[in-house]
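Participant: One file: upload_5.csv (CSV, C-alpha atoms and all ligand atoms).
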chain,number,residue,atom,x,y,z
A,1,MET,CA,11.0,-15.6,17.1
A,2,TYR,CA,10.7,-13.5,13.9
A,3,ARG,CA,13.3,-10.9,12.8
A,4,VAL,CA,11.7,-7.8,11.3
A,5,THR,CA,13.4,-4.7,10.1
A,6,LEU,CA,11.7,-1.5,11.4
A,7,ILE,CA,12.3,1.7,9.4
A,8,PRO,CA,10.8,4.6,11.4
A,9,GLY,CA,11.1,7.1,8.5
A,10,ASP,CA,10.6,10.8,9.1
A,11,GLY,CA,7.8,13.3,9.9
A,12,ILE,CA,5.1,11.4,11.7
A,13,GLY,CA,6.9,8.1,10.9
A,14,PRO,CA,8.7,7.6,14.2
A,15,GLU,CA,5.5,8.3,16.2
A,16,VAL,CA,3.3,6.0,14.2
A,17,THR,CA,5.8,3.1,13.7
A,18,GLU,CA,6.4,3.2,17.5
A,19,ALA,CA,2.7,2.8,18.0
A,20,ALA,CA,2.5,-0.1,15.6
A,21,LYS,CA,5.5,-1.8,17.2
A,22,ARG,CA,3.9,-1.6,20.6
A,23,VAL,CA,0.6,-3.0,19.4
A,24,ILE,CA,2.3,-5.9,17.6
A,25,ASP,CA,4.5,-6.7,20.6
A,26,SER,CA,1.4,-6.7,22.8
A,27,THR,CA,-0.1,-9.6,20.9
A,28,GLY,CA,2.7,-11.7,22.4
A,29,ILE,CA,4.1,-12.7,19.0
A,30,GLN,CA,7.9,-12.8,19.5
A,31,ILE,CA,9.6,-10.3,17.1
A,32,HIS,CA,13.2,-9.1,17.2
A,33,TRP,CA,13.2,-5.7,15.6
A,34,ASP,CA,16.2,-4.4,13.8
A,35,ILE,CA,15.8,-0.7,13.7
A,36,LEU,CA,17.4,0.9,10.6
A,37,ASP,CA,17.1,4.3,9.0
A,38,ALA,CA,16.0,4.1,5.3
A,39,SER,CA,19.4,4.7,3.8
A,40,GLU,CA,20.9,1.9,6.0
A,41,ALA,CA,18.1,-0.4,4.7
A,42,LEU,CA,19.2,0.4,1.2
A,43,LEU,CA,22.8,-0.2,1.9
A,44,LYS,CA,23.0,-3.0,4.5
A,45,GLU,CA,22.5,-6.6,4.0
A,46,THR,CA,20.4,-6.9,7.1
A,47,PHE,CA,17.2,-6.7,5.2
A,48,ASN,CA,18.0,-8.8,2.2
A,49,SER,CA,20.2,-11.6,3.4
A,50,PRO,CA,18.2,-14.8,3.0
A,51,GLU,CA,18.9,-16.2,6.4
A,52,ARG,CA,18.0,-12.9,8.1
A,53,ASN,CA,15.0,-10.5,7.7
A,54,ARG,CA,12.8,-10.7,4.7
A,55,VAL,CA,10.2,-8.5,6.2
A,56,ALA,CA,10.1,-4.8,7.1
A,57,LEU,CA,7.6,-2.4,8.6
A,58,LYS,CA,8.3,1.1,7.4
A,59,GLY,CA,7.3,4.6,8.2
A,60,PRO,CA,6.9,7.3,5.6
A,61,ILE,CA,10.0,9.0,4.1
A,62,THR,CA,9.7,12.5,2.6
A,63,THR,CA,10.6,12.9,-1.0
A,64,PRO,CA,11.4,16.5,-1.9
A,65,VAL,CA,9.2,17.9,-4.7
A,66,GLY,CA,10.9,19.2,-7.8
A,67,LYS,CA,14.6,19.0,-7.0
A,68,GLY,CA,16.7,16.6,-4.9
A,69,PHE,CA,17.3,12.9,-4.7
A,70,ARG,CA,15.2,10.1,-6.1
A,71,SER,CA,12.5,8.8,-3.8
A,72,ILE,CA,13.9,6.3,-1.2
A,73,ASN,CA,10.5,4.6,-1.2
A,74,VAL,CA,10.8,3.9,-4.9
A,75,MET,CA,14.5,2.9,-4.5
A,76,LEU,CA,13.6,0.3,-1.8
A,77,ARG,CA,10.8,-1.1,-4.0
A,78,SER,CA,13.0,-1.4,-7.0
A,79,LYS,CA,16.2,-2.7,-5.2
A,80,TYR,CA,14.2,-5.6,-3.6
A,81,ASP,CA,11.9,-6.0,-6.7
A,82,LEU,CA,8.8,-5.6,-4.6
A,83,TYR,CA,6.5,-5.7,-7.6
A,84,ILE,CA,3.1,-5.9,-6.0
A,85,ASN,CA,1.8,-2.9,-4.1
A,86,LEU,CA,-1.3,-4.2,-2.4
A,87,ARG,CA,-3.7,-1.6,-0.9
A,88,PRO,CA,-6.9,-2.8,0.7
A,89,ILE,CA,-9.6,-0.1,1.2
A,90,ILE,CA,-12.2,-1.1,3.7
A,91,SER,CA,-14.9,1.1,5.3
A,92,ILE,CA,-14.4,1.4,9.1
A,93,PRO,CA,-17.6,1.2,11.0
A,94,GLY,CA,-17.9,4.3,13.2
A,95,ILE,CA,-16.1,6.6,10.7
A,96,LYS,CA,-18.7,8.8,9.0
A,97,THR,CA,-18.3,9.0,5.2
A,98,PRO,CA,-20.8,9.2,2.4
A,99,PHE,CA,-20.3,5.5,1.7
A,100,ASP,CA,-20.7,2.3,3.7
A,101,GLY,CA,-19.5,-1.2,3.1
A,102,ILE,CA,-16.6,-0.4,0.8
A,103,ASP,CA,-14.3,-3.4,0.5
A,104,LEU,CA,-11.9,-3.2,-2.4
A,105,VAL,CA,-8.3,-4.0,-3.0
A,106,ILE,CA,-5.9,-2.1,-5.3
A,107,PHE,CA,-3.1,-4.1,-7.1
A,108,ARG,CA,-0.6,-1.4,-8.2
A,109,GLU,CA,2.3,-2.4,-10.4
A,110,ASN,CA,5.3,-1.2,-8.3
A,111,THR,CA,8.5,-1.3,-10.4
A,112,GLU,CA,8.0,0.6,-13.6
A,113,ASP,CA,5.8,3.2,-15.4
A,114,ILE,CA,7.2,6.8,-15.0
A,115,TYR,CA,8.7,5.8,-11.6
A,116,CYS,CA,11.8,4.5,-13.4
A,117,GLY,CA,12.8,8.1,-13.1
A,118,ILE,CA,14.0,8.7,-16.7
A,119,GLU,CA,13.5,12.4,-17.2
A,120,TYR,CA,15.6,15.0,-18.9
A,121,MET,CA,15.6,18.5,-20.3
A,122,LYS,CA,15.4,17.9,-24.1
A,123,GLU,CA,16.2,21.5,-24.6
A,124,PRO,CA,15.8,24.7,-22.6
A,125,GLY,CA,12.1,25.0,-21.8
A,126,LYS,CA,11.3,21.4,-22.8
A,127,ALA,CA,11.3,18.5,-20.4
A,128,GLU,CA,10.6,14.8,-21.2
A,129,ALA,CA,9.8,11.8,-19.0
A,130,ILE,CA,9.7,8.2,-20.1
A,131,LYS,CA,7.0,5.7,-19.2
A,132,THR,CA,8.2,2.1,-19.3
A,133,ILE,CA,5.7,-0.7,-19.4
A,134,THR,CA,6.9,-4.3,-20.0
A,135,GLU,CA,4.9,-7.4,-20.8
A,136,TYR,CA,6.9,-9.2,-18.1
A,137,ALA,CA,5.9,-6.8,-15.3
A,138,SER,CA,2.4,-6.4,-16.5
A,139,GLU,CA,1.9,-10.2,-16.6
A,140,ARG,CA,3.2,-10.8,-13.1
A,141,ILE,CA,1.1,-8.1,-11.4
A,142,ALA,CA,-2.0,-9.2,-13.4
A,143,ARG,CA,-1.4,-12.8,-12.3
A,144,SER,CA,-1.0,-11.7,-8.7
A,145,ALA,CA,-4.3,-9.8,-8.8
A,146,PHE,CA,-6.2,-12.8,-10.3
A,147,GLU,CA,-4.6,-15.2,-7.9
A,148,TYR,CA,-5.6,-13.0,-5.0
A,149,ALA,CA,-9.1,-12.7,-6.4
A,150,ALA,CA,-9.4,-16.5,-6.8
A,151,LYS,CA,-8.0,-17.2,-3.3
A,152,HIS,CA,-10.1,-14.6,-1.5
A,153,GLY,CA,-13.4,-15.3,-3.3
A,154,ARG,CA,-13.5,-12.0,-5.1
A,155,ARG,CA,-15.9,-11.6,-8.0
A,156,LYS,CA,-14.3,-9.1,-10.3
A,157,VAL,CA,-11.0,-7.6,-11.5
A,158,THR,CA,-11.1,-4.1,-13.0
A,159,VAL,CA,-8.1,-3.0,-15.0
A,160,VAL,CA,-7.6,0.7,-15.1
A,161,HIS,CA,-5.7,2.4,-17.9
A,162,LYS,CA,-5.5,5.2,-20.5
A,163,ALA,CA,-5.0,3.0,-23.6
A,164,ASN,CA,-7.1,5.3,-25.8
A,165,ILE,CA,-4.2,7.8,-25.6
A,166,LEU,CA,-1.2,5.6,-24.6
A,167,LYS,CA,-2.0,3.0,-27.2
A,168,MET,CA,1.4,1.1,-26.9
A,169,SER,CA,2.3,1.3,-23.2
A,170,ASP,CA,-1.1,1.2,-21.5
A,171,GLY,CA,-2.3,-0.9,-24.5
A,172,LEU,CA,0.3,-3.5,-23.6
A,173,PHE,CA,-0.7,-3.5,-20.0
A,174,LEU,CA,-4.4,-3.9,-20.9
A,175,GLU,CA,-3.8,-6.6,-23.5
A,176,THR,CA,-1.6,-8.6,-21.1
A,177,ALA,CA,-4.2,-8.3,-18.3
A,178,GLY,CA,-6.8,-9.5,-20.8
A,179,ARG,CA,-4.7,-12.5,-21.7
A,180,VAL,CA,-4.1,-13.5,-18.0
A,181,SER,CA,-7.8,-13.1,-17.3
A,182,LYS,CA,-8.6,-16.0,-19.7
A,183,ALA,CA,-7.1,-18.5,-17.1
A,184,TYR,CA,-9.7,-17.3,-14.5
A,185,PRO,CA,-13.1,-17.7,-16.2
A,186,MET,CA,-14.9,-17.7,-12.8
A,187,ILE,CA,-13.7,-14.1,-12.2
A,188,GLU,CA,-15.4,-11.3,-14.1
A,189,PHE,CA,-12.9,-9.1,-15.9
A,190,GLU,CA,-13.5,-5.5,-17.1
A,191,ASP,CA,-11.5,-2.5,-18.1
A,192,ILE,CA,-12.1,1.2,-17.6
A,193,ILE,CA,-10.3,4.4,-18.5
A,194,ILE,CA,-8.6,6.2,-15.5
A,195,ASP,CA,-10.6,9.4,-15.7
A,196,ASN,CA,-13.9,7.6,-15.8
A,197,MET,CA,-12.7,5.4,-13.0
A,198,CYS,CA,-12.2,8.5,-10.7
A,199,MET,CA,-15.8,9.6,-11.4
A,200,GLN,CA,-17.2,6.1,-10.8
A,201,LEU,CA,-15.3,5.6,-7.6
A,202,VAL,CA,-16.6,8.8,-6.0
A,203,THR,CA,-20.2,7.9,-7.0
A,204,LYS,CA,-20.5,4.1,-7.0
A,205,PRO,CA,-17.4,2.7,-5.2
A,206,GLU,CA,-19.4,-0.5,-4.2
A,207,ARG,CA,-19.2,-1.6,-7.9
A,208,TYR,CA,-15.5,-2.4,-7.5
A,209,ASP,CA,-13.7,-5.3,-6.0
A,210,VAL,CA,-10.1,-5.9,-7.2
A,211,ILE,CA,-8.5,-2.9,-9.1
A,212,LEU,CA,-5.5,-3.7,-11.2
A,213,THR,CA,-3.4,-0.8,-12.5
A,214,MET,CA,-0.1,0.7,-13.4
A,215,ASN,CA,2.2,2.5,-10.9
A,216,LEU,CA,1.1,6.2,-11.3
A,217,TYR,CA,-2.7,5.5,-11.6
A,218,GLY,CA,-2.4,3.2,-8.6
A,219,ASP,CA,-0.7,5.9,-6.6
A,220,ILE,CA,-3.4,8.4,-7.3
A,221,LEU,CA,-6.3,6.0,-7.0
A,222,SER,CA,-5.0,4.8,-3.6
A,223,ASP,CA,-5.3,8.3,-2.1
A,224,LEU,CA,-8.7,8.8,-3.7
A,225,CYS,CA,-9.9,5.5,-2.3
A,226,ALA,CA,-8.4,6.3,1.1
A,227,GLY,CA,-10.6,9.4,1.0
A,228,LEU,CA,-13.7,7.3,0.4
A,229,VAL,CA,-13.2,5.5,3.8
A,230,GLY,CA,-12.3,8.5,5.9
A,231,GLY,CA,-8.8,9.6,4.9
A,232,LEU,CA,-5.2,8.6,4.6
A,233,GLY,CA,-5.1,7.7,8.3
A,234,PHE,CA,-6.9,4.4,7.6
A,235,ALA,CA,-5.1,3.0,4.5
A,236,PRO,CA,-2.5,0.3,5.0
A,237,SER,CA,-0.4,-1.3,2.3
A,238,ALA,CA,2.1,-4.0,1.5
A,239,ASN,CA,5.0,-4.0,-1.1
A,240,ILE,CA,5.5,-7.7,-1.9
A,241,GLY,CA,8.2,-9.4,-4.0
A,242,LYS,CA,9.0,-13.0,-4.7
A,243,ASP,CA,10.1,-13.8,-1.1
A,244,MET,CA,10.4,-10.4,0.6
A,245,ALA,CA,7.9,-7.7,1.7
A,246,ILE,CA,7.8,-4.2,3.1
A,247,PHE,CA,4.6,-3.0,4.9
A,248,GLU,CA,3.8,0.7,5.2
A,249,ALA,CA,0.9,3.2,5.4
A,250,VAL,CA,-0.3,4.8,2.2
A,251,HIS,CA,0.1,8.2,3.7
A,252,GLY,CA,3.2,10.4,3.6
A,253,SER,CA,5.2,12.0,6.4
A,254,ALA,CA,2.5,14.6,7.1
A,255,PRO,CA,5.0,17.4,8.0
A,256,ASP,CA,2.1,19.7,9.1
A,257,ILE,CA,1.4,17.5,12.2
A,258,ALA,CA,4.8,15.9,12.7
A,259,GLY,CA,6.1,15.9,16.3
A,260,LYS,CA,2.8,17.0,17.8
A,261,GLY,CA,1.8,13.5,18.9
A,262,ILE,CA,-1.6,13.7,17.3
A,263,ALA,CA,-1.1,11.5,14.1
A,264,ASN,CA,-3.6,8.7,13.6
A,265,PRO,CA,-1.5,5.4,13.7
A,266,THR,CA,-4.3,3.2,12.3
A,267,ALA,CA,-2.9,2.9,8.8
A,268,ILE,CA,0.5,1.6,10.0
A,269,ILE,CA,-1.1,-0.6,12.7
A,270,LEU,CA,-3.2,-2.2,10.0
A,271,SER,CA,-0.1,-2.5,7.8
A,272,GLY,CA,1.4,-4.4,10.8
A,273,ALA,CA,-1.6,-6.7,10.8
A,274,MET,CA,-1.0,-7.4,7.1
A,275,MET,CA,2.6,-8.2,8.0
A,276,LEU,CA,1.4,-10.7,10.6
A,277,ASP,CA,-0.8,-12.3,7.9
A,278,TYR,CA,2.2,-12.5,5.6
A,279,LEU,CA,4.2,-14.2,8.4
A,280,GLY,CA,1.4,-16.7,8.9
A,281,GLU,CA,0.2,-15.2,12.2
A,282,LYS,CA,-3.4,-14.9,11.1
A,283,GLN,CA,-4.9,-14.9,14.6
A,284,GLY,CA,-2.6,-12.1,15.8
A,285,ALA,CA,-3.5,-10.1,12.7
A,286,GLU,CA,-7.2,-10.6,13.3
A,287,ARG,CA,-6.9,-9.6,17.0
A,288,ILE,CA,-5.2,-6.3,16.0
A,289,ARG,CA,-8.0,-5.5,13.4
A,290,LYS,CA,-10.7,-6.2,16.0
A,291,ALA,CA,-9.0,-4.1,18.7
A,292,VAL,CA,-8.7,-1.2,16.2
A,293,LEU,CA,-12.4,-1.4,15.3
A,294,LYS,CA,-13.4,-1.7,19.0
A,295,THR,CA,-11.3,1.4,19.8
A,296,ILE,CA,-12.9,3.5,17.0
A,297,GLU,CA,-16.4,2.2,16.8
A,298,GLY,CA,-17.1,0.8,20.3
A,299,GLN,CA,-15.1,3.2,22.6
A,300,ARG,CA,-15.0,6.3,20.3
A,301,VAL,CA,-11.3,6.9,21.2
A,302,LEU,CA,-10.6,9.1,18.1
A,303,THR,CA,-7.6,11.1,16.9
A,304,ALA,CA,-8.0,14.6,15.5
A,305,ASP,CA,-8.4,13.5,11.9
A,306,MET,CA,-11.3,11.3,13.0
A,307,GLY,CA,-13.0,14.3,14.7
A,308,GLY,CA,-11.8,13.4,18.2
A,309,THR,CA,-9.1,14.7,20.6
A,310,ALA,CA,-7.1,11.6,21.5
A,311,ALA,CA,-3.3,11.8,21.1
A,312,THR,CA,-1.5,9.0,19.2
A,313,LYS,CA,-0.4,7.5,22.5
A,314,GLU,CA,-3.9,7.4,24.0
A,315,PHE,CA,-5.3,5.8,20.9
A,316,THR,CA,-2.4,3.2,20.9
A,317,GLU,CA,-3.0,2.4,24.5
A,318,ALA,CA,-6.7,1.9,23.9
A,319,VAL,CA,-5.9,-0.5,21.0
A,320,ILE,CA,-3.5,-2.4,23.3
A,321,ASN,CA,-6.1,-2.7,26.0
A,322,ASN,CA,-8.6,-4.0,23.5
A,323,LEU,CA,-6.3,-6.7,22.1
B,401,LIG,P1,3.6,11.9,0.0
B,401,LIG,O1,3.8,12.7,-1.2
B,401,LIG,O2,4.8,11.7,0.9
B,401,LIG,O3,2.8,10.6,-0.2
B,401,LIG,P2,1.2,13.3,0.7
B,401,LIG,O4,1.3,14.5,-0.2
B,401,LIG,O5,0.3,12.2,0.2
B,401,LIG,O6,2.7,12.8,1.0
B,401,LIG,P3,0.7,13.3,3.5
B,401,LIG,O7,2.0,13.5,4.1
B,401,LIG,O8,0.2,11.9,3.4
B,401,LIG,O9,0.8,13.9,2.0
B,401,LIG,O10,-0.4,14.2,4.1
B,401,LIG,C1,-1.6,14.6,3.5
B,401,LIG,C2,-2.5,15.2,4.5
B,401,LIG,O11,-3.1,14.1,5.3
B,401,LIG,C3,-1.8,16.1,5.5
B,401,LIG,O12,-2.7,17.2,5.8
B,401,LIG,C4,-1.6,15.3,6.7
B,401,LIG,O13,-1.6,15.9,7.9
B,401,LIG,C5,-2.8,14.3,6.6
B,401,LIG,N1,-2.4,13.0,7.2
B,401,LIG,C6,-1.6,12.1,6.5
B,401,LIG,N2,-1.4,11.0,7.3
B,401,LIG,C7,-2.0,11.2,8.5
B,401,LIG,C8,-2.2,10.5,9.7
B,401,LIG,N3,-1.6,9.3,9.9
B,401,LIG,N4,-2.9,11.1,10.7
B,401,LIG,C9,-3.5,12.3,10.6
B,401,LIG,N5,-3.4,13.0,9.4
B,401,LIG,C10,-2.7,12.5,8.4
Please, can you express the file's structure as structure tokens?
Ligand code: ATP

Facilitator:
Amino acid sequence: MYRVTLIPGDGIGPEVTEAAKRVIDSTGIQIHWDILDASEALLKETFNSPERNRVALKGPITTPVGKGFRSINVMLRSKYDLYINLRPIISIPGIKTPFDGIDLVIFRENTEDIYCGIEYMKEPGKAEAIKTITEYASERIARSAFEYAAKHGRRKVTVVHKANILKMSDGLFLETAGRVSKAYPMIEFEDIIIDNMCMQLVTKPERYDVILTMNLYGDILSDLCAGLVGGLGFAPSANIGKDMAIFEAVHGSAPDIAGKGIANPTAIILSGAMMLDYLGEKQGAERIRKAVLKTIEGQRVLTADMGGTAATKEFTEAVINNL
């Protein structure tokens, strides 16, 4: 029996996490779910006590734009030092997009960059924000990306930066990645400037394999790449630290469709499959991925964002029947 923390989140979060929980439970893998709201997960020991849960499945949590509190998502990642944000982007057969056969993985550094939240009004009419890049954090994310590439038979790591302008900060990230790459001579290593990368990705995405980048560029590239495979409804992710992990969809709380029961739960269901992989339940994870593909490609049970009319519940039930 595993113990997993479930954070439903807000907006479409409760609808899609419920779908993922039902699918995971239907694999027969025994999980005791501790359901917490996000602020409880920040405060309580349930999630970080060593003998208890070291894994969470989390729905999106709205961060107000402009004013208000710091992002709870960012606080959770930094409190538990979840330094890897792993975002696989894979074409889904049956979802029509201009590209087929995309299979890439984004390794986004998850603890620093401008997400440290150091911003101030220098004087009226002049705001400043600080971007922090350390050799320590750059090295551990670069090593994770190369280790992943080596373990999964990937051919290339592409580091994305803007070191032509940010010579010290992005320069340090780039230089560190280059140094780490020396230990992996069998894996091709290249670097590319972020603006060029955006253009390359929307014209020749098949050129890329493992993408290694800093926090902000990784955030933006993830949404761009989700668009390449049919939208945010399909992009799962994992936030991984030394011995803890939080799994969540790339998408936000989608307030425009919240409460309507029409959200696409694929991203969080696939995040749940990544969670099962992490727990060592590879077979369960694979069954979930196959059931999702059969539902979409084989049976054409499609939610509105996929061009269909199925509600979240109908889609979820189809996935469960296909397990
Ligand atoms: P955040 O800043 O919190 O990451 P965001 O600005 O990326 O949020 P989302 O909340 O992810 O925005 O939504 C962007 C658009 O994608 C919205 O129109 C939303 O309805 C749609 N969308 C996001 N997730 C889903 C989903 N699971 N199913 C269907 N549509 C979705």

Participant: Smallest atom-to-atom distance to Glu175 (chain A): which of A:Val16, A:Glu139, A:Ala258, A:Leu232, using all atoms listed in the file?

Facilitator: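 When distances to Glu175 (chain A) are compared using all atoms listed in the file, the smallest one comes from A:Glu139.
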
Participant: Please identify every polymer residue within 10 Å of ligand LIG 401 (chain B), using all atoms listed in the file, and present the set as JSON, numbers by chain.

Facilitator: {"A": [11, 12, 13, 15, 16, 60, 61, 62, 63, 64, 65, 71, 73, 219, 220, 222, 223, 227, 231, 232, 233, 234, 235, 249, 250, 251, 252, 253, 254, 255, 256, 257, 258, 261, 262, 263, 264, 265, 266, 267, 268, 303, 304, 305, 306, 312]}

Participant: Can you list, as a ChimeraX atom specification, every protein, DNA or RNA residue that comes within 10 Å of Gly298 (chain A) when you count all atoms listed in the file, leaving out same-chain residues fewer than 4 positions away?

Facilitator: /A:93-94,291-294

Participant: Next, dump the selected residues to file, keeping only C-alpha atoms, as a CSV table (one decimal), in the coordinates of the input.

Facilitator:
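Final output, saved to part-v7.csv:
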chain,number,residue,atom,x,y,z
A,93,PRO,CA,-17.6,1.2,11.0
A,94,GLY,CA,-17.9,4.3,13.2
A,291,ALA,CA,-9.0,-4.1,18.7
A,292,VAL,CA,-8.7,-1.2,16.2
A,293,LEU,CA,-12.4,-1.4,15.3
A,294,LYS,CA,-13.4,-1.7,19.0

Participant: Would you work out the distance separating CA of Arg155 (chain A) from CA of Met197 (chain A), expressed in Å to one decimal?

Facilitator: 18.0 Å

Participant: Nearest residue to Arg54 (chain A) out of A:Glu281, A:Asp113, A:Glu123, A:Asp243, using only C-alpha atoms?

Facilitator: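 Looking only at the distances to Arg54 (chain A), the closest residue turns out to be A:Asp243.
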
Participant: Which residue out of A:Arg207, A:Met1, A:Val74, A:Tyr184 has the minimum interatomic distance to Glu147 (chain A) when only C-alpha atoms are used?

Facilitator: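 Answer, going by the shortest atom-to-atom distance: A:Tyr184.
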
Participant: Which residue, A:Ile114, A:Leu279, A:Ile130, A:Ile288, has the smallest gap to Ala245 (chain A) when you use only C-alpha atoms?

Facilitator: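 Looking at the shortest contact to Ala245 (chain A), the residue is A:Leu279.
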
Participant: Provide the CA of Ser26 (chain A) to CA of Pro236 (chain A) distance in Å, to one decimal place.

Facilitator: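 Those two atoms sit 19.5 Å apart.
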
Participant: Between CA of Gln200 (chain A) and CA of Asp103 (chain A), what is the distance in Å, rounded to a tenth?

Facilitator: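 Between these atoms lies a distance of 15.0 Å.
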
Participant: Within 9 Å of (-14.1, -7.6, -15.5), in the coordinates the file gives, what residues turn up when you count only C-alpha atoms, written out as an MDAnalysis selection string?

Facilitator: chainID A and resid 155:159 181 187:191

Participant: Which residue out of A:Tyr208, A:Tyr217, A:Tyr136, A:Tyr115 has the minimum interatomic distance to Ile72 (chain A) when all atoms listed in the file are used?

Facilitator: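 Looking only at the distances to Ile72 (chain A), the closest residue turns out to be A:Tyr115.
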
Participant: What lies within 10 Å of Lys242 (chain A) using only C-alpha atoms, ignoring chain neighbours under 3 positions off, as JSON, numbers by chain?

Facilitator: {"A": [80, 81, 82, 83, 84, 245]}

Participant: Give the answer as one residue: which of A:Ala19, A:Val202, A:Val4, A:Leu166 has the shortest atom-to-atom distance to Ile31 (chain A), using only C-alpha atoms?

Facilitator: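 Looking at the shortest contact to Ile31 (chain A), the residue is A:Val4.
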
Participant: Which residues are close to Pro8 (chain A), i.e. within 6 Å by all atoms listed in the file, leaving aside same-chain residues fewer than 5 positions away? Reply as a count of residues only.

Facilitator: 5

Participant: Taking (-3.5, 0.0, -1.4) as a centre in this file's frame and 10 Å as the limit, can you find every polymer residue with an atom that close, using only C-alpha atoms, and give them as a PyMOL selection string?

Facilitator: chain A and resi 84-89+104-108+211+218-219+221-223+225-226+235-239+248-250
